[in-house]
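Student: Data: run_36.cif, mmCIF, C-alpha atoms.
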data_entry
loop_
_atom_site.group_PDB
_atom_site.id
_atom_site.type_symbol
_atom_site.label_atom_id
_atom_site.label_comp_id
_atom_site.auth_asym_id
_atom_site.auth_seq_id
_atom_site.Cartn_x
_atom_site.Cartn_y
_atom_site.Cartn_z
ATOM 1 C CA MET A 262 76.595 110.795 60.002
ATOM 2 C CA THR A 263 79.110 110.031 62.666
ATOM 3 C CA SER A 264 77.828 112.146 65.506
ATOM 4 C CA GLU A 265 74.321 112.481 66.843
ATOM 5 C CA MET A 266 71.735 113.668 64.353
ATOM 6 C CA ARG A 267 70.237 117.069 65.035
ATOM 7 C CA GLU A 268 66.517 117.553 65.232
ATOM 8 C CA PRO A 269 66.042 119.557 61.985
ATOM 9 C CA THR A 270 68.117 116.990 60.076
ATOM 10 C CA PHE A 271 65.995 114.184 61.479
ATOM 11 C CA PHE A 272 62.854 116.046 60.414
ATOM 12 C CA VAL A 273 64.164 116.721 56.897
ATOM 13 C CA LEU A 274 65.037 113.045 56.374
ATOM 14 C CA THR A 275 61.668 111.966 57.793
ATOM 15 C CA ALA A 276 59.897 114.409 55.455
ATOM 16 C CA LEU A 277 61.705 112.852 52.488
ATOM 17 C CA ALA A 278 61.001 109.289 53.674
ATOM 18 C CA GLY A 279 57.444 109.610 52.360
ATOM 19 C CA GLY A 280 58.669 110.322 48.828
ATOM 20 C CA PRO A 281 60.508 113.037 46.900
ATOM 21 C CA ARG A 282 59.759 116.633 47.819
ATOM 22 C CA HIS A 283 60.944 120.061 46.756
ATOM 23 C CA GLY A 284 62.260 122.749 49.122
ATOM 24 C CA TYR A 285 58.987 124.301 50.174
ATOM 25 C CA GLY A 286 57.361 120.853 50.313
ATOM 26 C CA VAL A 287 59.952 119.838 52.910
ATOM 27 C CA ILE A 288 59.383 123.045 54.893
ATOM 28 C CA GLN A 289 55.636 122.353 55.017
ATOM 29 C CA GLU A 290 56.061 118.689 55.893
ATOM 30 C CA VAL A 291 58.552 119.433 58.684
ATOM 31 C CA GLU A 292 56.168 121.993 60.144
ATOM 32 C CA ARG A 293 53.369 119.426 60.050
ATOM 33 C CA LEU A 294 55.523 116.627 61.513
ATOM 34 C CA SER A 295 56.735 118.795 64.376
ATOM 35 C CA GLY A 296 53.264 120.056 65.190
ATOM 36 C CA GLY A 297 54.258 123.569 64.144
ATOM 37 C CA ARG A 298 57.285 123.738 66.423
ATOM 38 C CA THR A 299 59.978 123.516 63.749
ATOM 39 C CA LYS A 300 59.639 126.073 60.993
ATOM 40 C CA LEU A 301 62.596 125.753 58.649
ATOM 41 C CA ARG A 302 63.565 128.746 56.566
ATOM 42 C CA ALA A 303 65.187 128.577 53.131
ATOM 43 C CA GLY A 304 68.712 129.310 54.392
ATOM 44 C CA THR A 305 68.701 126.539 57.001
ATOM 45 C CA LEU A 306 66.936 124.126 54.681
ATOM 46 C CA TYR A 307 69.500 124.467 51.904
ATOM 47 C CA ALA A 308 72.349 124.303 54.404
ATOM 48 C CA ALA A 309 70.859 120.961 55.516
ATOM 49 C CA PHE A 310 70.380 119.859 51.883
ATOM 50 C CA ASP A 311 74.047 120.680 51.130
ATOM 51 C CA ARG A 312 75.252 118.705 54.118
ATOM 52 C CA LEU A 313 72.981 115.727 53.492
ATOM 53 C CA THR A 314 73.906 115.649 49.793
ATOM 54 C CA ALA A 315 77.612 115.766 50.665
ATOM 55 C CA ASP A 316 77.062 112.911 53.131
ATOM 56 C CA GLY A 317 75.278 110.923 50.405
ATOM 57 C CA LEU A 318 72.005 110.693 52.340
ATOM 58 C CA ILE A 319 69.846 112.556 49.826
ATOM 59 C CA GLU A 320 70.011 113.247 46.080
ATOM 60 C CA VAL A 321 68.192 115.232 43.425
ATOM 61 C CA GLU A 322 65.316 113.217 42.006
ATOM 62 C CA SER A 323 63.882 115.544 39.366
ATOM 63 C CA GLU A 324 63.220 119.124 38.405
ATOM 64 C CA GLU A 325 60.195 120.930 37.103
ATOM 65 C CA VAL A 326 59.249 124.491 36.332
ATOM 66 C CA VAL A 327 55.879 125.644 37.671
ATOM 67 C CA ASP A 328 54.743 129.211 36.924
ATOM 68 C CA GLY A 329 58.292 130.090 35.986
ATOM 69 C CA ARG A 330 59.618 128.805 39.296
ATOM 70 C CA LEU A 331 62.188 126.041 39.396
ATOM 71 C CA ARG A 332 61.331 123.194 41.738
ATOM 72 C CA ARG A 333 64.011 120.650 42.460
ATOM 73 C CA TYR A 334 62.843 117.451 44.110
ATOM 74 C CA TYR A 335 65.042 115.587 46.562
ATOM 75 C CA ARG A 336 64.790 111.984 47.714
ATOM 76 C CA LEU A 337 66.511 109.717 50.217
ATOM 77 C CA THR A 338 69.370 107.567 48.933
ATOM 78 C CA GLU A 339 69.816 103.975 50.064
ATOM 79 C CA SER A 340 72.321 105.236 52.622
ATOM 80 C CA GLY A 341 69.784 107.863 53.699
ATOM 81 C CA ASN A 342 67.154 105.159 54.248
ATOM 82 C CA LEU A 343 69.543 103.129 56.413
ATOM 83 C CA THR A 344 70.699 106.158 58.399
ATOM 84 C CA LEU A 345 67.163 107.373 59.077
ATOM 85 C CA GLY A 346 66.133 103.834 60.089
ATOM 86 C CA ALA A 347 69.066 103.528 62.515
ATOM 87 C CA GLU A 348 68.439 106.983 63.979
ATOM 88 C CA SER A 349 64.713 106.258 64.402
ATOM 89 C CA ARG A 350 65.445 102.996 66.241
ATOM 90 C CA ARG A 351 67.961 104.775 68.465
ATOM 91 C CA ARG A 352 65.421 107.448 69.334
ATOM 92 C CA MET A 353 62.714 104.857 69.906
ATOM 93 C CA THR A 354 64.959 102.900 72.285
ATOM 94 C CA ILE A 355 65.693 106.010 74.323
ATOM 95 C CA SER A 356 62.031 107.042 74.341
ATOM 96 C CA LYS A 357 60.906 103.583 75.467
ATOM 97 C CA GLU A 358 63.476 103.605 78.223
ATOM 98 C CA ALA A 359 62.359 107.047 79.349
ATOM 99 C CA LEU A 360 58.735 105.912 79.455
ATOM 100 C CA ARG A 361 59.673 102.720 81.311
ATOM 101 C CA ARG A 362 61.487 104.757 83.952
ATOM 102 C CA LEU A 363 58.511 107.023 84.272
ATOM 103 C CA ARG A 364 56.381 103.847 84.627
ATOM 104 C CA ILE A 365 53.869 105.125 82.126
ATOM 105 C CA SER A 366 54.860 102.815 79.306
ATOM 106 C CA GLU A 367 51.528 101.000 79.315
ATOM 107 C CA GLY A 368 49.714 101.733 76.153
ATOM 108 C CA PHE A 369 52.745 103.259 74.447
ATOM 109 C CA ALA A 370 54.896 100.197 73.707
ATOM 110 C CA MET B 223 59.383 141.096 37.885
ATOM 111 C CA THR B 224 57.589 141.418 41.185
ATOM 112 C CA THR B 225 59.095 143.316 44.058
ATOM 113 C CA PRO B 226 59.654 140.338 46.394
ATOM 114 C CA GLU B 227 61.331 138.400 43.597
ATOM 115 C CA ARG B 228 63.670 141.278 42.925
ATOM 116 C CA ARG B 229 64.458 141.507 46.610
ATOM 117 C CA TYR B 230 65.186 137.794 46.964
ATOM 118 C CA ARG B 231 67.325 137.853 43.821
ATOM 119 C CA ARG B 232 69.454 140.502 45.454
ATOM 120 C CA TRP B 233 69.818 138.313 48.541
ATOM 121 C CA LEU B 234 71.182 135.534 46.349
ATOM 122 C CA TRP B 235 74.315 137.604 45.822
ATOM 123 C CA ALA B 236 75.303 136.290 49.252
ATOM 124 C CA TYR B 237 76.168 133.057 47.439
ATOM 125 C CA PRO B 238 79.252 132.574 45.291
ATOM 126 C CA LYS B 239 78.588 132.380 41.555
ATOM 127 C CA GLU B 240 79.223 128.635 41.298
ATOM 128 C CA TYR B 241 76.637 127.892 43.955
ATOM 129 C CA ARG B 242 74.155 130.498 42.736
ATOM 130 C CA ASN B 243 74.216 129.046 39.228
ATOM 131 C CA VAL B 244 73.227 125.617 40.537
ATOM 132 C CA HIS B 245 70.899 126.446 43.463
ATOM 133 C CA GLY B 246 69.914 130.092 42.983
ATOM 134 C CA GLU B 247 66.625 129.472 41.179
ATOM 135 C CA GLU B 248 65.353 126.784 43.544
ATOM 136 C CA ILE B 249 66.234 128.839 46.626
ATOM 137 C CA LEU B 250 64.417 131.780 45.052
ATOM 138 C CA SER B 251 61.332 129.589 44.452
ATOM 139 C CA THR B 252 61.424 128.335 48.022
ATOM 140 C CA LEU B 253 61.709 131.886 49.393
ATOM 141 C CA LEU B 254 58.780 133.011 47.251
ATOM 142 C CA ASP B 255 56.647 129.992 48.203
ATOM 143 C CA ALA B 256 57.454 130.306 51.899
ATOM 144 C CA ASN B 257 56.596 134.001 51.978
ATOM 145 C CA SER B 258 53.551 133.868 49.746
ATOM 146 C CA GLU B 259 51.203 133.947 52.721
ATOM 147 C CA GLY B 260 52.668 137.088 54.190
ATOM 148 C CA GLY B 261 56.224 138.166 54.807
ATOM 149 C CA ARG B 262 56.312 137.975 58.559
ATOM 150 C CA TYR B 263 59.465 135.907 58.528
ATOM 151 C CA ALA B 264 61.200 137.636 55.620
ATOM 152 C CA ARG B 265 63.674 139.250 57.990
ATOM 153 C CA LEU B 266 64.629 135.883 59.431
ATOM 154 C CA ASP B 267 64.959 134.549 55.885
ATOM 155 C CA PHE B 268 67.330 137.375 55.076
ATOM 156 C CA PHE B 269 69.610 136.590 58.010
ATOM 157 C CA GLN B 270 69.628 132.898 57.238
ATOM 158 C CA VAL B 271 70.356 133.371 53.531
ATOM 159 C CA MET B 272 73.227 135.733 54.420
ATOM 160 C CA ALA B 273 74.594 133.241 56.946
ATOM 161 C CA HIS B 274 74.265 130.308 54.549
ATOM 162 C CA GLY B 275 75.799 132.284 51.674
ATOM 163 C CA THR B 276 78.757 133.268 53.835
ATOM 164 C CA HIS B 277 79.113 129.682 54.971
ATOM 165 C CA VAL B 278 79.182 128.421 51.370
ATOM 166 C CA ARG B 279 81.710 131.087 50.407
ATOM 167 C CA LEU B 280 83.995 130.156 53.282
ATOM 168 C CA THR B 281 83.723 126.457 52.469
ATOM 169 C CA LEU B 282 84.524 127.058 48.792
ATOM 170 C CA THR B 283 87.426 129.341 49.673
ATOM 171 C CA ALA B 284 88.823 126.796 52.086
ATOM 172 C CA LYS B 285 88.592 124.097 49.407
ATOM 173 C CA ARG B 286 90.167 126.310 46.779
ATOM 174 C CA PHE B 287 93.172 126.952 48.946
ATOM 175 C CA GLY B 288 93.494 123.239 49.531
ATOM 176 C CA ARG B 289 93.564 123.335 53.281
ATOM 177 C CA GLY B 290 90.492 121.228 53.699
ATOM 178 C CA THR B 291 87.421 122.688 55.318
ATOM 179 C CA LEU B 292 87.587 124.606 58.560
ATOM 180 C CA PRO B 293 85.775 123.103 61.547
ATOM 181 C CA ARG B 294 82.085 123.886 61.400
ATOM 182 C CA SER B 295 82.192 125.893 64.630
ATOM 183 C CA VAL B 296 84.943 128.148 63.290
ATOM 184 C CA ARG B 297 83.120 128.660 59.990
ATOM 185 C CA GLY B 298 79.926 129.432 61.879
ATOM 186 C CA ALA B 299 81.696 131.995 64.024
ATOM 187 C CA ILE B 300 83.303 133.700 61.029
ATOM 188 C CA ALA B 301 80.000 133.645 59.170
ATOM 189 C CA CYS B 302 78.250 135.318 62.109
ATOM 190 C CA LEU B 303 80.924 137.992 62.397
ATOM 191 C CA LEU B 304 80.762 138.724 58.685
ATOM 192 C CA VAL B 305 76.987 138.913 58.715
ATOM 193 C CA VAL B 306 77.027 141.345 61.620
ATOM 194 C CA ALA B 307 79.736 143.407 59.933
ATOM 195 C CA VAL B 308 77.809 143.532 56.650
ATOM 196 C CA LEU B 309 74.570 144.416 58.425
ATOM 197 C CA ASN B 310 76.250 147.242 60.301
ATOM 198 C CA LEU B 311 77.674 148.534 57.062
ATOM 199 C CA VAL B 312 74.349 148.306 55.258
ATOM 200 C CA GLU B 313 72.596 150.003 58.141
ATOM 201 C CA SER B 314 75.063 152.861 58.261
ATOM 202 C CA LEU B 315 74.880 153.319 54.491
ATOM 203 C CA THR B 316 71.126 153.138 54.103
ATOM 204 C CA ALA B 317 70.031 154.788 57.313
ATOM 205 C CA HIS B 318 67.521 157.524 56.765
ATOM 206 C CA LYS B 319 69.075 160.957 56.862
ATOM 207 C CA ARG B 320 66.628 162.195 59.424
ATOM 208 C CA SER B 321 67.173 159.268 61.730
ATOM 209 C CA GLN B 322 70.894 159.780 61.304
ATOM 210 C CA GLU B 323 70.539 163.373 62.325
ATOM 211 C CA SER B 324 68.424 162.549 65.313
ATOM 212 C CA TRP B 325 70.932 159.896 66.257
ATOM 213 C CA ARG B 326 73.741 162.393 65.915
ATOM 214 C CA SER B 327 72.045 164.970 68.081
ATOM 215 C CA HIS B 328 71.238 162.265 70.593
ATOM 216 C CA ARG B 329 74.877 161.273 70.654
ATOM 217 C CA GLN B 330 76.036 164.834 70.997
ATOM 218 C CA HIS B 331 73.637 165.294 73.848
ATOM 219 C CA HIS B 332 74.938 162.094 75.386
ATOM 220 C CA ARG B 333 78.509 163.254 74.944
ATOM 221 C CA GLY B 334 77.618 166.560 76.520
ATOM 222 C CA VAL B 335 76.171 164.764 79.525
ATOM 223 C CA ARG B 336 79.239 162.593 79.731
ATOM 224 C CA SER B 337 81.687 165.451 79.624
ATOM 225 C CA HIS B 338 79.598 167.345 82.150
ATOM 226 C CA ARG B 339 79.709 164.323 84.419
ATOM 227 C CA ALA B 340 83.448 163.990 83.936
ATOM 228 C CA LEU B 341 83.896 167.625 84.826
ATOM 229 C CA ARG B 342 81.815 167.254 87.937
ATOM 230 C CA ALA B 343 83.690 164.122 88.921
ATOM 231 C CA SER B 344 87.021 165.849 88.586
ATOM 232 C CA GLN B 345 85.721 168.858 90.540
ATOM 233 C CA ASN B 346 84.506 166.536 93.268
ATOM 234 C CA MET B 347 87.839 164.757 93.305
ATOM 235 C CA GLU B 348 89.631 168.056 93.660
ATOM 236 C CA SER B 349 87.473 169.161 96.534
ATOM 237 C CA ILE B 350 87.817 165.766 98.201
ATOM 238 C CA LEU B 351 91.584 166.019 97.989
ATOM 239 C CA LEU B 352 91.397 169.558 99.274
ATOM 240 C CA HIS B 353 89.118 168.615 102.141
ATOM 241 C CA SER B 354 91.026 165.468 102.989
ATOM 242 C CA ARG B 355 93.974 167.598 103.904
ATOM 243 C CA HIS B 356 91.762 169.063 106.557
ATOM 244 C CA GLY B 357 90.599 165.657 107.697
ATOM 245 C CA SER B 358 87.135 165.688 106.198
ATOM 246 C CA ALA B 359 85.708 163.533 103.414
ATOM 247 C CA HIS B 360 82.537 165.386 102.548
ATOM 248 C CA ARG B 361 81.563 166.240 99.070
ATOM 249 C CA PRO B 362 80.673 169.842 98.362
ATOM 250 C CA ASP B 363 77.121 168.795 97.474
ATOM 251 C CA GLY B 364 76.655 167.580 101.025
ATOM 252 C CA HIS B 365 76.663 163.825 100.303
ATOM 253 C CA GLU B 366 78.907 161.826 102.492
ATOM 254 C CA LEU B 367 81.384 159.957 100.338
ATOM 255 C CA CYS B 368 83.202 157.817 102.831
ATOM 256 C CA GLU B 369 83.349 158.042 106.549
ATOM 257 C CA HIS B 370 86.591 156.422 107.443
ATOM 258 C CA VAL B 371 89.105 157.646 104.942
ATOM 259 C CA HIS B 372 91.588 160.447 105.184
ATOM 260 C CA ASP B 373 91.744 160.522 108.989
ATOM 261 C CA GLU B 374 95.097 162.069 109.319
#
Could you spell out this file's structure in structure tokens?
Tutor:
Amino acid sequence: MTSEMREPTFFVLTALAGGPRHGYGVIQEVERLSGGRTKLRAGTLYAAFDRLTADGLIEVESEEVVDGRLRRYYRLTESGNLTLGAESRRRMTISKEALRRLRISEGFA
Amino acid sequence: MTTPERRYRRWLWAYPKEYRNVHGEEILSTLLDANSEGGRYARLDFFQVMAHGTHVRLTLTAKRFGRGTLPRSVRGAIACLLVVAVLNLVESLTAHKRSQESWRSHRQHHRGVRSHRALRASQNMESILLHSRHGSAHRPDGHELCEHVHDE
């Protein structure tokens, strides 16, 4: 991840930070995390999975077949953990600064 | 095989074989899970699967020809164009005969209106040229076209 991380990518990594999840599990978790604002669809999700796998941030953890449906679970790699941590700190710094400038940081920091 | 499953399996043809063999089943499961509570977003899913499939195909092709991958923006643009082209093709092939006919008659009507307008425009032009020789710029239908031209 050289450039700035996009919002859906950030959400996908955050969803996987809680433990391995399969495709639909990530979709549900991202929807919950974003308060219903970000609804990933299969095409975008797997495009993100491809990119994150190629970047070495996520990997396949396990597979299982439920009701004849294949579920492949993904998890964060060590590099994924570090990247998500760095991105979260960066976002937190910016958010804190924004709140400070708005002079409403009391109670948030 | 249920109908939605069959439909989603057809969508998976958007992906090249190599990719479909590895990810086809899990994408299918995700599509089925995501649309189990009603298919309101199935159309959006279709577009995104087509776009992603095209993207994967372009990436694989670029790798195969050993030129490295194209910039993401370029691939995105090509993917969009291909998707639109494919959709237009599908639409024209699968369009209902009746709707095609109504569309055709609508177009013929439209063409008729256009040619009628063109005829009127050329007639007006003729009369303007004719009248301008006599120093007047009035259209035959009584509407003033321009007040200051053709003052000879």
Student: Can you spell out as a CSV table (one decimal) with C-alpha atoms, keeping the file's coordinate frame the set of residues that the PyMOL selection byres ((chain A) within 7 of (chain B)) selects in the structure I just provided?
Tutor:
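After the write, result22.csv holds the following:
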chain,number,residue,atom,x,y,z
A,284,GLY,CA,62.3,122.7,49.1
A,285,TYR,CA,59.0,124.3,50.2
A,302,ARG,CA,63.6,128.7,56.6
A,303,ALA,CA,65.2,128.6,53.1
A,304,GLY,CA,68.7,129.3,54.4
A,305,THR,CA,68.7,126.5,57.0
A,308,ALA,CA,72.3,124.3,54.4
A,330,ARG,CA,59.6,128.8,39.3
A,331,LEU,CA,62.2,126.0,39.4
A,332,ARG,CA,61.3,123.2,41.7
A,333,ARG,CA,64.0,120.6,42.5
Student: Just the number, please: distance in Å from atom CA of B:Trp235 to atom CA of B:Leu311, one decimal.
Tutor: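 Computing it gives 16.0 Å between the two atoms.
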Student: To one decimal in Å, tell me the separation between atom CA of A:Leu313 and atom CA of A:Gly296.
Tutor: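 Distance reported for this atom pair: 23.3 Å.
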Student: Edge lengths and centre in Å to one decimal, as JSON, is what I'm after for the box along x, y and z that holds all listed atoms of stretch 347-365 of chain A once 5 Å is added on each side.
Tutor:
{"center_x": 61.5, "center_y": 105.1, "center_z": 73.6, "size_x": 25.2, "size_y": 14.7, "size_z": 32.1}
Student: For the atom pair atom CA of A:Met353 and atom CA of A:Gln289, what is the interatomic distance in Å to one decimal place?
Tutor: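 Separation of atom CA of A:Met353 and atom CA of A:Gln289: 24.0 Å.
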Student: Env of A:Val273: 12 Å cut, atoms = only C-alpha atoms, seq-sep filter 3 positions within chain, self excluded. Answer as a ChimeraX atom specification.
Tutor: /A:266-270,276-295,299-301,305-310,312-313,318-319,335-337,341,345
Student: Generate all heavy atoms for stretch 271-282 of chain B and emit them as an mmCIF file, keeping the file's coordinate frame.
Tutor:
data_model
loop_
_atom_site.group_PDB
_atom_site.id
_atom_site.type_symbol
_atom_site.label_atom_id
_atom_site.label_comp_id
_atom_site.auth_asym_id
_atom_site.auth_seq_id
_atom_site.Cartn_x
_atom_site.Cartn_y
_atom_site.Cartn_z
ATOM 1 N N VAL B 271 69.746 133.439 54.859
ATOM 2 C CA VAL B 271 70.356 133.371 53.531
ATOM 3 C C VAL B 271 71.759 133.977 53.580
ATOM 4 O O VAL B 271 72.708 133.416 53.017
ATOM 5 C CB VAL B 271 69.472 134.082 52.477
ATOM 6 C CG1 VAL B 271 70.236 134.311 51.181
ATOM 7 C CG2 VAL B 271 68.218 133.268 52.189
ATOM 8 N N MET B 272 71.906 135.108 54.287
ATOM 9 C CA MET B 272 73.227 135.733 54.420
ATOM 10 C C MET B 272 74.202 134.778 55.110
ATOM 11 O O MET B 272 75.332 134.606 54.674
ATOM 12 C CB MET B 272 73.145 137.033 55.232
ATOM 13 C CG MET B 272 72.392 138.165 54.567
ATOM 14 S SD MET B 272 73.080 138.616 52.979
ATOM 15 C CE MET B 272 71.638 138.416 51.953
ATOM 16 N N ALA B 273 73.735 134.161 56.187
ATOM 17 C CA ALA B 273 74.594 133.241 56.946
ATOM 18 C C ALA B 273 74.981 132.039 56.088
ATOM 19 O O ALA B 273 76.150 131.652 56.038
ATOM 20 C CB ALA B 273 73.883 132.793 58.211
ATOM 21 N N HIS B 274 73.986 131.479 55.386
ATOM 22 C CA HIS B 274 74.265 130.308 54.549
ATOM 23 C C HIS B 274 75.204 130.668 53.404
ATOM 24 O O HIS B 274 76.143 129.941 53.111
ATOM 25 C CB HIS B 274 72.939 129.727 54.016
ATOM 26 C CG HIS B 274 73.115 128.482 53.208
ATOM 27 N ND1 HIS B 274 72.351 128.213 52.105
ATOM 28 C CD2 HIS B 274 73.981 127.452 53.334
ATOM 29 C CE1 HIS B 274 72.740 127.047 51.591
ATOM 30 N NE2 HIS B 274 73.720 126.569 52.327
ATOM 31 N N GLY B 275 74.952 131.830 52.775
ATOM 32 C CA GLY B 275 75.799 132.284 51.674
ATOM 33 C C GLY B 275 77.243 132.453 52.123
ATOM 34 O O GLY B 275 78.181 132.018 51.440
ATOM 35 N N THR B 276 77.421 133.073 53.293
ATOM 36 C CA THR B 276 78.757 133.268 53.835
ATOM 37 C C THR B 276 79.423 131.930 54.115
ATOM 38 O O THR B 276 80.596 131.726 53.820
ATOM 39 C CB THR B 276 78.681 134.095 55.140
ATOM 40 O OG1 THR B 276 77.819 135.206 54.911
ATOM 41 C CG2 THR B 276 80.036 134.579 55.543
ATOM 42 N N HIS B 277 78.617 131.022 54.663
ATOM 43 C CA HIS B 277 79.113 129.682 54.971
ATOM 44 C C HIS B 277 79.613 128.975 53.704
ATOM 45 O O HIS B 277 80.699 128.413 53.683
ATOM 46 C CB HIS B 277 77.976 128.888 55.626
ATOM 47 C CG HIS B 277 78.321 127.479 55.954
ATOM 48 N ND1 HIS B 277 78.896 127.129 57.149
ATOM 49 C CD2 HIS B 277 78.187 126.345 55.241
ATOM 50 C CE1 HIS B 277 79.100 125.824 57.152
ATOM 51 N NE2 HIS B 277 78.668 125.326 55.998
ATOM 52 N N VAL B 278 78.799 129.058 52.639
ATOM 53 C CA VAL B 278 79.182 128.421 51.370
ATOM 54 C C VAL B 278 80.453 129.058 50.827
ATOM 55 O O VAL B 278 81.370 128.370 50.373
ATOM 56 C CB VAL B 278 78.039 128.534 50.335
ATOM 57 C CG1 VAL B 278 78.493 128.034 48.968
ATOM 58 C CG2 VAL B 278 76.813 127.757 50.786
ATOM 59 N N ARG B 279 80.519 130.393 50.897
ATOM 60 C CA ARG B 279 81.710 131.087 50.407
ATOM 61 C C ARG B 279 82.961 130.649 51.155
ATOM 62 O O ARG B 279 84.000 130.371 50.552
ATOM 63 C CB ARG B 279 81.545 132.600 50.556
ATOM 64 C CG ARG B 279 80.728 133.229 49.452
ATOM 65 C CD ARG B 279 80.584 134.717 49.645
ATOM 66 N NE ARG B 279 79.622 135.262 48.698
ATOM 67 C CZ ARG B 279 79.927 135.617 47.457
ATOM 68 N NH1 ARG B 279 81.165 135.510 47.032
ATOM 69 N NH2 ARG B 279 78.999 136.075 46.635
ATOM 70 N N LEU B 280 82.845 130.563 52.470
ATOM 71 C CA LEU B 280 83.995 130.156 53.282
ATOM 72 C C LEU B 280 84.410 128.732 52.956
ATOM 73 O O LEU B 280 85.593 128.427 52.855
ATOM 74 C CB LEU B 280 83.666 130.277 54.773
ATOM 75 C CG LEU B 280 83.598 131.698 55.315
ATOM 76 C CD1 LEU B 280 83.036 131.697 56.731
ATOM 77 C CD2 LEU B 280 84.977 132.337 55.312
ATOM 78 N N THR B 281 83.427 127.858 52.770
ATOM 79 C CA THR B 281 83.723 126.457 52.469
ATOM 80 C C THR B 281 84.438 126.356 51.117
ATOM 81 O O THR B 281 85.435 125.658 50.995
ATOM 82 C CB THR B 281 82.420 125.636 52.427
ATOM 83 O OG1 THR B 281 81.675 125.913 53.606
ATOM 84 C CG2 THR B 281 82.708 124.150 52.358
ATOM 85 N N LEU B 282 83.909 127.095 50.123
ATOM 86 C CA LEU B 282 84.524 127.058 48.792
ATOM 87 C C LEU B 282 85.938 127.623 48.826
ATOM 88 O O LEU B 282 86.855 127.064 48.222
ATOM 89 C CB LEU B 282 83.678 127.859 47.799
ATOM 90 C CG LEU B 282 82.448 127.167 47.215
ATOM 91 C CD1 LEU B 282 81.799 128.066 46.168
ATOM 92 C CD2 LEU B 282 82.803 125.827 46.584
#
